[in-house]
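> This is coords_14.csv, which holds CSV, C-alpha atoms:
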```csv
chain,number,residue,atom,x,y,z
V,1,MET,CA,64.8,95.2,122.6
V,2,LYS,CA,67.5,96.8,124.7
V,3,SER,CA,71.1,97.1,123.5
V,4,PRO,CA,73.6,94.4,124.6
V,5,PRO,CA,76.4,95.2,127.0
V,6,SER,CA,79.0,97.8,125.9
V,7,ILE,CA,82.1,97.0,123.9
V,8,ALA,CA,82.9,100.7,123.7
V,9,LEU,CA,86.4,100.2,125.2
V,10,LEU,CA,87.2,97.6,122.6
V,11,LEU,CA,85.9,99.6,119.7
V,12,SER,CA,87.7,102.8,120.9
V,13,ALA,CA,91.0,100.8,121.3
V,14,LEU,CA,90.7,99.6,117.7
V,15,GLN,CA,89.9,103.0,116.3
V,16,ARG,CA,91.9,105.4,118.5
V,17,PRO,CA,95.0,103.8,120.0
V,18,ALA,CA,95.6,107.1,122.0
V,19,SER,CA,92.6,106.2,124.1
V,20,LEU,CA,94.6,103.4,125.7
V,21,GLN,CA,96.7,105.9,127.6
V,22,VAL,CA,93.8,106.8,130.0
V,23,LEU,CA,92.4,103.4,130.8
V,24,SER,CA,92.2,102.2,134.4
V,25,MET,CA,93.3,98.7,135.4
V,26,PRO,CA,89.7,97.4,135.5
V,27,ASP,CA,89.2,98.9,132.0
V,28,TRP,CA,92.4,97.1,130.8
V,29,ASP,CA,91.1,93.8,132.3
V,30,LEU,CA,87.8,94.0,130.4
V,31,LEU,CA,89.5,95.2,127.2
V,32,ILE,CA,92.1,92.4,127.2
V,33,ARG,CA,89.5,89.7,127.8
V,34,GLN,CA,87.2,90.9,125.0
V,35,ALA,CA,90.0,91.5,122.6
V,36,ARG,CA,91.6,88.1,123.2
V,37,ARG,CA,88.2,86.4,122.6
V,38,ALA,CA,87.8,88.4,119.4
V,39,ASP,CA,91.3,87.6,118.2
V,40,VAL,CA,92.3,91.3,117.9
V,41,LEU,CA,94.6,91.7,120.9
V,42,ALA,CA,97.7,91.7,118.8
V,43,ARG,CA,96.1,94.2,116.4
V,44,ILE,CA,95.5,96.6,119.3
V,45,GLY,CA,99.1,96.3,120.4
V,46,GLU,CA,100.5,96.8,116.9
V,47,ASN,CA,98.2,99.8,116.3
V,48,ALA,CA,99.5,101.3,119.6
V,49,ARG,CA,103.1,100.8,118.5
V,50,PHE,CA,102.3,102.2,114.9
V,51,GLN,CA,100.7,105.3,116.4
V,52,GLY,CA,103.5,106.0,118.8
V,53,VAL,CA,101.7,105.4,122.1
V,54,TRP,CA,103.2,102.1,123.0
V,55,ASP,CA,105.7,103.5,125.6
V,56,ALA,CA,102.9,105.4,127.4
V,57,LEU,CA,101.0,102.1,128.2
V,58,PRO,CA,101.2,100.5,131.6
V,59,ALA,CA,103.7,97.6,131.9
V,60,GLN,CA,101.3,94.9,133.0
V,61,PRO,CA,98.8,95.2,130.1
V,62,ARG,CA,101.7,95.7,127.7
V,63,ARG,CA,102.9,92.2,128.6
V,64,HIS,CA,99.6,90.7,127.4
V,65,LEU,CA,99.7,92.8,124.2
V,66,GLU,CA,103.3,91.9,123.5
V,67,SER,CA,102.7,88.2,124.0
V,68,ALA,CA,99.9,88.3,121.4
V,69,MET,CA,102.0,90.4,119.0
V,70,LYS,CA,105.0,88.0,119.2
V,71,LEU,CA,102.6,85.1,118.4
V,72,ALA,CA,101.3,87.0,115.4
V,73,GLN,CA,104.8,87.8,114.2
V,74,ARG,CA,105.9,84.2,114.5
V,75,GLN,CA,102.8,83.1,112.5
V,76,HIS,CA,103.7,85.6,109.8
V,77,VAL,CA,107.2,84.1,109.5
V,78,GLU,CA,105.9,80.6,109.3
V,79,LEU,CA,103.2,81.7,106.8
V,80,ARG,CA,105.8,83.1,104.4
V,81,HIS,CA,107.7,79.8,104.6
V,82,GLU,CA,104.5,77.8,103.9
V,83,VAL,CA,103.5,80.1,101.0
V,84,ARG,CA,106.9,79.5,99.3
V,85,ALA,CA,106.5,75.8,99.8
V,86,ILE,CA,102.9,75.9,98.3
V,87,ALA,CA,104.2,77.9,95.3
V,88,ARG,CA,106.9,75.3,94.7
V,89,ALA,CA,104.4,72.4,95.0
V,90,LEU,CA,102.2,74.0,92.3
V,91,GLU,CA,104.9,74.6,89.8
V,92,PRO,CA,104.5,71.2,88.1
V,93,VAL,CA,100.9,72.0,87.2
V,94,GLY,CA,101.7,75.6,86.2
V,95,GLU,CA,99.3,77.3,88.7
V,96,PRO,CA,100.3,80.1,91.0
V,97,ALA,CA,99.3,80.2,94.6
V,98,VAL,CA,96.6,82.9,94.7
V,99,LEU,CA,96.3,83.7,98.4
V,100,LEU,CA,93.1,84.7,100.2
V,101,LYS,CA,92.3,86.4,103.5
V,102,GLY,CA,95.0,86.7,106.1
V,103,ALA,CA,97.7,85.0,104.1
V,104,ALA,CA,97.1,87.6,101.3
V,105,TYR,CA,97.2,90.5,103.7
V,106,VAL,CA,100.5,89.4,105.2
V,107,GLN,CA,102.2,88.5,101.9
V,108,ALA,CA,101.1,91.8,100.2
V,109,GLY,CA,102.3,93.8,103.2
V,110,LEU,CA,98.9,95.5,103.8
V,111,ALA,CA,97.8,97.4,106.9
V,112,ALA,CA,95.3,94.7,107.5
V,113,ALA,CA,98.2,92.4,108.3
V,114,ARG,CA,99.3,94.3,111.4
V,115,GLY,CA,98.7,92.0,114.4
V,116,ARG,CA,96.6,89.7,112.2
V,117,MET,CA,96.6,86.1,113.5
V,118,VAL,CA,96.9,83.5,110.6
V,119,SER,CA,96.4,79.9,111.6
V,120,ASP,CA,96.2,78.4,108.1
V,121,VAL,CA,96.6,79.3,104.4
V,122,ASP,CA,93.8,79.7,101.9
V,123,ILE,CA,94.4,79.6,98.1
V,124,LEU,CA,92.2,79.9,95.1
V,125,VAL,CA,92.7,77.7,92.0
V,126,PRO,CA,90.6,77.0,88.9
V,127,ARG,CA,88.0,74.4,89.4
V,128,GLN,CA,89.0,72.5,86.3
V,129,ARG,CA,92.5,72.1,87.7
V,130,LEU,CA,91.4,71.0,91.2
V,131,GLY,CA,92.4,67.3,90.8
V,132,GLU,CA,95.8,68.2,89.4
V,133,VAL,CA,96.4,70.7,92.2
V,134,GLU,CA,95.4,68.3,94.9
V,135,SER,CA,97.7,65.6,93.5
V,136,ALA,CA,100.6,68.0,93.3
V,137,LEU,CA,100.0,69.1,96.9
V,138,MET,CA,99.8,65.5,98.1
V,139,MET,CA,103.1,64.8,96.4
V,140,ALA,CA,104.6,67.7,98.4
V,141,GLY,CA,103.3,66.3,101.7
V,142,TRP,CA,99.8,67.8,102.2
V,143,VAL,CA,97.2,65.1,103.0
V,144,GLN,CA,93.6,64.7,103.9
V,145,THR,CA,92.9,64.2,107.6
V,146,ASN,CA,89.1,63.9,107.4
V,147,ARG,CA,88.2,60.3,106.4
V,148,ASP,CA,84.5,60.7,106.9
V,149,VAL,CA,82.7,59.6,103.7
V,150,TYR,CA,79.9,62.0,104.0
V,151,ASP,CA,82.2,65.0,104.8
V,152,GLN,CA,84.3,64.2,101.8
V,153,ARG,CA,81.3,64.0,99.5
V,154,TYR,CA,79.8,67.2,101.0
V,155,TYR,CA,83.0,69.2,100.4
V,156,ARG,CA,83.7,67.8,97.0
V,157,GLN,CA,80.1,67.9,95.6
V,158,TRP,CA,78.6,70.9,97.3
V,159,MET,CA,81.2,73.2,98.7
V,160,HIS,CA,83.6,75.8,97.2
V,161,GLU,CA,86.7,74.1,98.7
V,162,LEU,CA,88.4,70.8,99.3
V,163,PRO,CA,88.4,69.3,102.8
V,164,PRO,CA,91.3,70.9,104.7
V,165,LEU,CA,94.8,69.5,104.0
V,166,ARG,CA,97.5,69.1,106.6
V,167,HIS,CA,101.2,68.8,106.0
V,168,ILE,CA,102.5,65.5,107.3
V,169,LYS,CA,105.7,67.0,108.7
V,170,ARG,CA,105.0,70.6,109.6
V,171,GLY,CA,101.3,70.2,110.6
V,172,SER,CA,100.4,73.3,108.6
V,173,VAL,CA,96.8,73.5,107.4
V,174,LEU,CA,95.9,74.5,103.8
V,175,ASP,CA,92.4,75.3,102.4
V,176,VAL,CA,92.2,74.9,98.6
V,177,HIS,CA,89.3,76.9,97.2
V,178,HIS,CA,87.9,76.8,93.6
V,179,ALA,CA,85.4,79.6,94.4
V,180,ILE,CA,84.7,82.1,97.1
V,181,LEU,CA,81.1,80.9,97.7
V,182,PRO,CA,79.6,77.4,97.2
V,183,PRO,CA,78.2,76.5,93.8
V,184,THR,CA,74.8,76.1,95.4
V,185,ALA,CA,74.8,79.6,97.0
V,186,ARG,CA,72.2,82.1,95.9
V,187,LEU,CA,75.0,84.5,94.9
V,188,LYS,CA,77.3,83.2,92.2
V,189,PRO,CA,80.5,85.3,91.8
V,190,ASP,CA,82.6,84.0,88.9
V,191,SER,CA,85.9,82.7,90.2
V,192,ALA,CA,87.5,83.0,86.7
V,193,LEU,CA,87.0,86.8,86.9
V,194,LEU,CA,88.8,86.8,90.3
V,195,LEU,CA,91.7,84.8,89.0
V,196,VAL,CA,92.2,86.8,85.8
V,197,GLU,CA,92.5,90.0,87.8
V,198,SER,CA,94.9,88.6,90.5
V,199,VAL,CA,98.2,90.4,90.9
V,200,ALA,CA,101.6,89.4,92.1
V,201,ALA,CA,102.1,89.9,95.8
V,202,GLY,CA,105.8,90.8,95.3
V,203,ASP,CA,108.6,89.9,92.9
V,204,ASP,CA,107.6,86.2,92.7
V,205,GLU,CA,104.9,85.7,90.1
V,206,ARG,CA,104.1,82.3,91.5
V,207,ILE,CA,102.6,84.1,94.6
V,208,ARG,CA,99.6,86.2,93.9
V,209,VAL,CA,96.7,87.9,95.6
V,210,LEU,CA,93.3,89.1,94.5
V,211,SER,CA,92.9,92.7,93.1
V,212,ARG,CA,92.1,95.4,95.7
V,213,PRO,CA,88.3,95.5,94.9
V,214,ASP,CA,88.1,91.7,94.8
V,215,MET,CA,90.0,91.4,98.1
V,216,VAL,CA,87.4,93.6,99.8
V,217,LEU,CA,84.5,91.8,98.1
V,218,HIS,CA,85.8,88.4,99.1
V,219,SER,CA,86.3,89.5,102.7
V,220,ALA,CA,82.7,90.8,102.7
V,221,ALA,CA,81.3,87.7,101.1
V,222,HIS,CA,83.1,85.4,103.5
V,223,LEU,CA,82.0,87.4,106.6
V,224,PHE,CA,78.4,87.9,105.7
V,225,HIS,CA,77.7,84.5,104.3
V,226,GLU,CA,79.4,82.8,107.2
V,227,GLY,CA,76.9,81.3,109.7
V,228,GLU,CA,79.4,81.2,112.6
V,229,LEU,CA,80.3,84.8,113.5
V,230,GLN,CA,82.3,84.2,116.7
V,231,MET,CA,85.2,85.9,115.0
V,232,GLY,CA,83.0,88.4,113.2
V,233,LEU,CA,84.6,91.4,114.7
V,234,ARG,CA,88.0,90.3,113.4
V,235,GLY,CA,86.5,90.1,110.0
V,236,LEU,CA,85.1,93.7,110.4
V,237,VAL,CA,88.6,94.9,111.5
V,238,ASP,CA,90.0,93.3,108.3
V,239,LEU,CA,87.4,95.1,106.2
V,240,ASP,CA,88.0,98.4,108.0
V,241,ALA,CA,91.8,98.2,107.4
V,242,LEU,CA,91.3,97.3,103.7
V,243,LEU,CA,88.7,100.0,103.0
V,244,ARG,CA,90.8,102.7,104.8
V,245,GLU,CA,94.0,101.8,102.9
V,246,PHE,CA,92.5,101.2,99.5
V,247,GLY,CA,89.9,104.0,99.8
V,248,ALA,CA,92.6,106.6,100.1
V,249,ASP,CA,92.7,106.4,96.3
V,250,LEU,CA,89.4,108.0,95.2
V,251,ASP,CA,89.3,105.9,92.0
V,252,PHE,CA,89.0,102.8,94.2
V,253,TRP,CA,85.4,103.4,95.2
V,254,PRO,CA,83.7,103.4,91.7
V,255,ALA,CA,85.9,100.4,90.8
V,256,LEU,CA,84.7,98.6,93.9
V,257,GLN,CA,81.0,99.3,93.1
V,258,LEU,CA,81.3,98.2,89.5
V,259,ARG,CA,83.1,95.1,90.6
V,260,ALA,CA,80.4,94.3,93.1
V,261,GLN,CA,77.8,94.5,90.4
V,262,ARG,CA,79.9,92.3,88.0
V,263,LEU,CA,80.4,89.7,90.7
V,264,ASP,CA,76.9,89.7,92.1
V,265,LEU,CA,78.2,90.8,95.5
V,266,GLU,CA,76.3,94.1,96.1
V,267,GLY,CA,74.5,92.7,99.1
V,268,PRO,CA,77.6,91.6,101.0
V,269,LEU,CA,79.3,94.9,100.2
V,270,TYR,CA,76.3,96.8,101.5
V,271,LEU,CA,76.5,94.9,104.8
V,272,ALA,CA,80.3,95.4,105.0
V,273,LEU,CA,79.9,99.2,104.6
V,274,ARG,CA,77.0,99.4,107.0
V,275,TYR,CA,78.6,97.5,109.9
V,276,THR,CA,82.1,98.8,109.5
V,277,ARG,CA,80.5,102.3,109.7
V,278,LEU,CA,78.3,101.5,112.7
V,279,LEU,CA,81.0,99.8,114.7
V,280,LEU,CA,84.3,101.2,113.5
V,281,GLN,CA,83.3,104.5,111.8
V,282,THR,CA,84.9,103.4,108.5
V,283,PRO,CA,84.6,106.2,105.9
V,284,ALA,CA,83.0,105.6,102.5
V,285,PRO,CA,81.6,107.9,99.8
V,286,GLU,CA,78.3,109.5,100.7
V,287,GLY,CA,75.3,107.6,99.1
V,288,LEU,CA,77.3,104.4,98.3
V,289,GLU,CA,75.8,102.4,101.1
V,290,THR,CA,72.3,103.5,100.2
V,291,GLU,CA,72.8,102.6,96.5
V,292,LEU,CA,74.1,99.1,97.4
V,293,GLN,CA,71.2,98.6,99.9
V,294,ALA,CA,68.7,99.4,97.1
V,295,ALA,CA,70.4,97.0,94.7
V,296,ALA,CA,70.4,94.3,97.3
V,297,GLN,CA,66.7,94.9,98.2
V,298,ARG,CA,65.8,94.5,94.5
V,299,ARG,CA,67.3,91.1,94.7
V,300,GLY,CA,65.5,90.3,98.0
V,301,ALA,CA,69.0,89.8,99.5
V,302,VAL,CA,68.6,91.8,102.8
V,303,MET,CA,66.3,91.7,105.8
V,304,ARG,CA,64.4,94.5,107.4
V,305,PRO,CA,67.0,97.0,108.7
V,306,ASP,CA,65.8,96.9,112.3
V,307,LEU,CA,65.8,93.1,112.4
V,308,GLN,CA,69.1,93.0,110.6
V,309,ASP,CA,70.8,95.4,113.0
V,310,ALA,CA,69.4,93.6,116.1
V,311,LEU,CA,71.0,90.3,114.8
V,312,PHE,CA,74.3,91.5,113.4
V,313,LEU,CA,75.1,94.1,116.1
V,314,ARG,CA,74.9,91.2,118.5
V,315,ALA,CA,76.6,88.4,116.5
V,316,LEU,CA,79.5,90.6,115.4
V,317,ARG,CA,80.6,91.2,119.0
V,318,PRO,CA,83.2,89.1,120.8
V,319,ASP,CA,81.8,85.7,121.9
V,320,HIS,CA,82.3,86.7,125.6
V,321,ALA,CA,79.9,87.0,128.5
V,322,THR,CA,80.7,90.7,129.0
V,323,ALA,CA,79.7,91.5,125.4
V,324,SER,CA,76.5,89.4,125.3
V,325,ASP,CA,72.9,89.7,126.5
V,326,SER,CA,70.0,87.2,126.7
V,327,TRP,CA,69.2,87.7,123.0
V,328,THR,CA,72.7,87.0,121.7
V,329,PRO,CA,72.4,83.2,121.5
V,330,LEU,CA,69.2,83.6,119.5
V,331,ALA,CA,70.8,86.1,117.2
V,332,ARG,CA,73.7,83.8,116.6
V,333,ALA,CA,71.4,80.9,116.0
V,334,ILE,CA,69.3,82.8,113.4
V,335,LEU,CA,72.4,84.0,111.5
V,336,TYR,CA,73.8,80.5,111.6
V,337,LEU,CA,70.7,79.2,109.9
V,338,ARG,CA,70.7,82.2,107.5
V,339,GLY,CA,74.3,81.3,106.5
V,340,HIS,CA,73.3,77.8,105.6
V,341,TRP,CA,70.2,79.0,103.9
V,342,LEU,CA,72.2,81.3,101.7
V,343,ARG,CA,74.6,78.5,100.8
V,344,MET,CA,72.3,75.6,100.1
V,345,PRO,CA,69.0,74.7,98.4
V,346,PRO,CA,66.2,73.8,100.9
V,347,ALA,CA,66.4,70.0,100.4
V,348,LEU,CA,70.1,69.8,100.8
V,349,LEU,CA,70.0,72.1,103.8
V,350,GLY,CA,67.4,70.1,105.6
V,351,TRP,CA,69.3,66.8,105.0
V,352,HIS,CA,72.6,68.4,106.1
V,353,LEU,CA,71.2,69.9,109.3
V,354,LEU,CA,69.4,66.7,110.2
V,355,ARG,CA,72.5,64.8,109.8
V,356,LYS,CA,74.6,67.2,111.9
V,357,MET,CA,72.0,67.1,114.6
V,358,PHE,CA,71.9,63.2,114.5
V,359,ARG,CA,75.7,63.1,114.7
V,360,SER,CA,75.8,65.5,117.6
V,361,LEU,CA,73.6,63.1,119.6
V,362,LEU,CA,76.0,60.1,119.0
V,363,PRO,CA,78.8,59.4,121.5
V,364,GLU,CA,82.2,60.6,120.2
V,365,ARG,CA,84.4,57.8,118.8
V,366,THR,CA,87.7,57.3,120.5
V,367,THR,CA,90.8,55.8,118.9
V,368,PRO,CA,91.9,52.7,120.9
```
Please, can you express the file's structure as structure tokens?


Amino acid sequence: MKSPPSIALLLSALQRPASLQVLSMPDWDLLIRQARRADVLARIGENARFQGVWDALPAQPRRHLESAMKLAQRQHVELRHEVRAIARALEPVGEPAVLLKGAAYVQAGLAAARGRMVSDVDILVPRQRLGEVESALMMAGWVQTNRDVYDQRYYRQWMHELPPLRHIKRGSVLDVHHAILPPTARLKPDSALLLVESVAAGDDERIRVLSRPDMVLHSAAHLFHEGELQMGLRGLVDLDALLREFGADLDFWPALQLRAQRLDLEGPLYLALRYTRLLLQTPAPEGLETELQAAAQRRGAVMRPDLQDALFLRALRPDHATASDSWTPLARAILYLRGHWLRMPPALLGWHLLRKMFRSLLPERTTP
């Protein structure tokens, strides 16, 4: 099986901002289209500015980068406002807003926040407080927008989060998680362990983030249990930034490995280290990837390496014609099914996929 088309320009731009200085205009055209599709265009611009090469870039491509950077900056300002509002809403139930993913990176001021687009806010709360948390958020203006009976039952009975909430005035979207993987998933990290190790993101104790090892493990679990990988490269860029920043402290690596064992997440961490290394040359201690792979294989949690690479090295690319080959749709379809298989028992999976297929064949309802 031959390799899919090159994304070398994109990967080089993400790893080495200085490489942007020698690009031709056709190179820039390809880079901008792939980066926009992967949602990392602002990241490339912010890295160029951070590394001091911004002024050396041509004016025309710089306009595209600057537009994306301004959008990301505006999202960060709006995000901080939303996070404060969420923290206030949760005060009556005595629960902090424990942020996940992009919201956590921005609020904690991490390198992963540079140029990171953030369209919604994800929080983690104890499952036993879910009803109280939802009621408090509804009192503050966040409401359910999905009225489909099956979808509501599916989320509340089988998934690790409530159906998305939308604020009635601001239109902001909030995802309330009680776990980082569904209760029916084959891997079962204990959310109580994540919550007890959470840390304040700043001076306000009401706003918290996961510990550094847990932040990496959640990012890995989210990416490699997700069936839809159209934004997979952005997830890898997040992991690369987290691992480089946290990994500068040598004590981080043994803590990360021990935490992966404790949370049953050695398989996702192995995949994270493998594909950040292969695509972004992310450094990690020698032998760690091999140890994690062996642990995952003992659990039967990984595929044959050649098949695994053929699938992930396609699906993690931007969902763009210049980054795809004839095998890419099949790779994406297989990993989509894999994601569902990892999250659901066979009977539930079969029923869910049949229902989705049936619904896709029905004409879309329109509101009169």

> Any idea what the distance is between atom CA of V:Gln261 and atom CA of V:Ala315?

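Value for the atom CA of V:Gln261-atom CA of V:Ala315 distance: 26.8 Å.
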
> Any idea what's packed within 7 Å of stretch 239-256 of chain V, counting only C-alpha atoms, ignoring anything in its chain fewer than 3 positions away? Could you give it as a list in words?

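That gives Ala111, Ala112, Arg212, Pro213, Val216, Ser219, Gly235, Leu236, Arg259, Ala260, Thr276 and Thr282 of chain V.
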
> Which is closest to V:Ser12 among V:Leu279, V:Gly287, V:Ala272, V:Asp203, if we use all atoms listed in the file?

V:Leu279

> Might you pull out every residue within 12 Å of V:Ala294, with only C-alpha atoms counted and same-chain residues fewer than 4 positions away left off, and present them as a PyMOL selection string?

chain V and resi 266-267+269-271+287-290+298-303+305

> If we count all atoms listed in the file, what is near stretch 50-57 of chain V at a cut-off of 9 Å, once residues fewer than 5 positions away on the same chain are taken out, given as a PDB file with C-alpha atoms, in the frame of the given file?


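Final file, out-v2.pdb:
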```
ATOM      1  CA  PRO V  17      95.000 103.800 120.000  1.00  0.00           C
ATOM      2  CA  ALA V  18      95.600 107.100 122.000  1.00  0.00           C
ATOM      3  CA  LEU V  20      94.600 103.400 125.700  1.00  0.00           C
ATOM      4  CA  GLN V  21      96.700 105.900 127.600  1.00  0.00           C
ATOM      5  CA  VAL V  22      93.800 106.800 130.000  1.00  0.00           C
ATOM      6  CA  GLY V  45      99.100  96.300 120.400  1.00  0.00           C
ATOM      7  CA  ARG V  62     101.700  95.700 127.700  1.00  0.00           C
TER       8      ARG V  62
END
```

> Near V:Leu162, within 7 Å and counting all atoms listed in the file, which residues show up once chain neighbours fewer than 3 positions away are dropped, as a list in words?

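Counting all atoms listed in the file, the residues come to Tyr155, Arg156, Asp175, Val176 and His177 of chain V.
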
> Suppose you want the space between atom CA of V:Arg74 and atom CA of V:Ser135; what is it in Å?

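About the pair atom CA of V:Arg74 and atom CA of V:Ser135: they are 29.2 Å apart.
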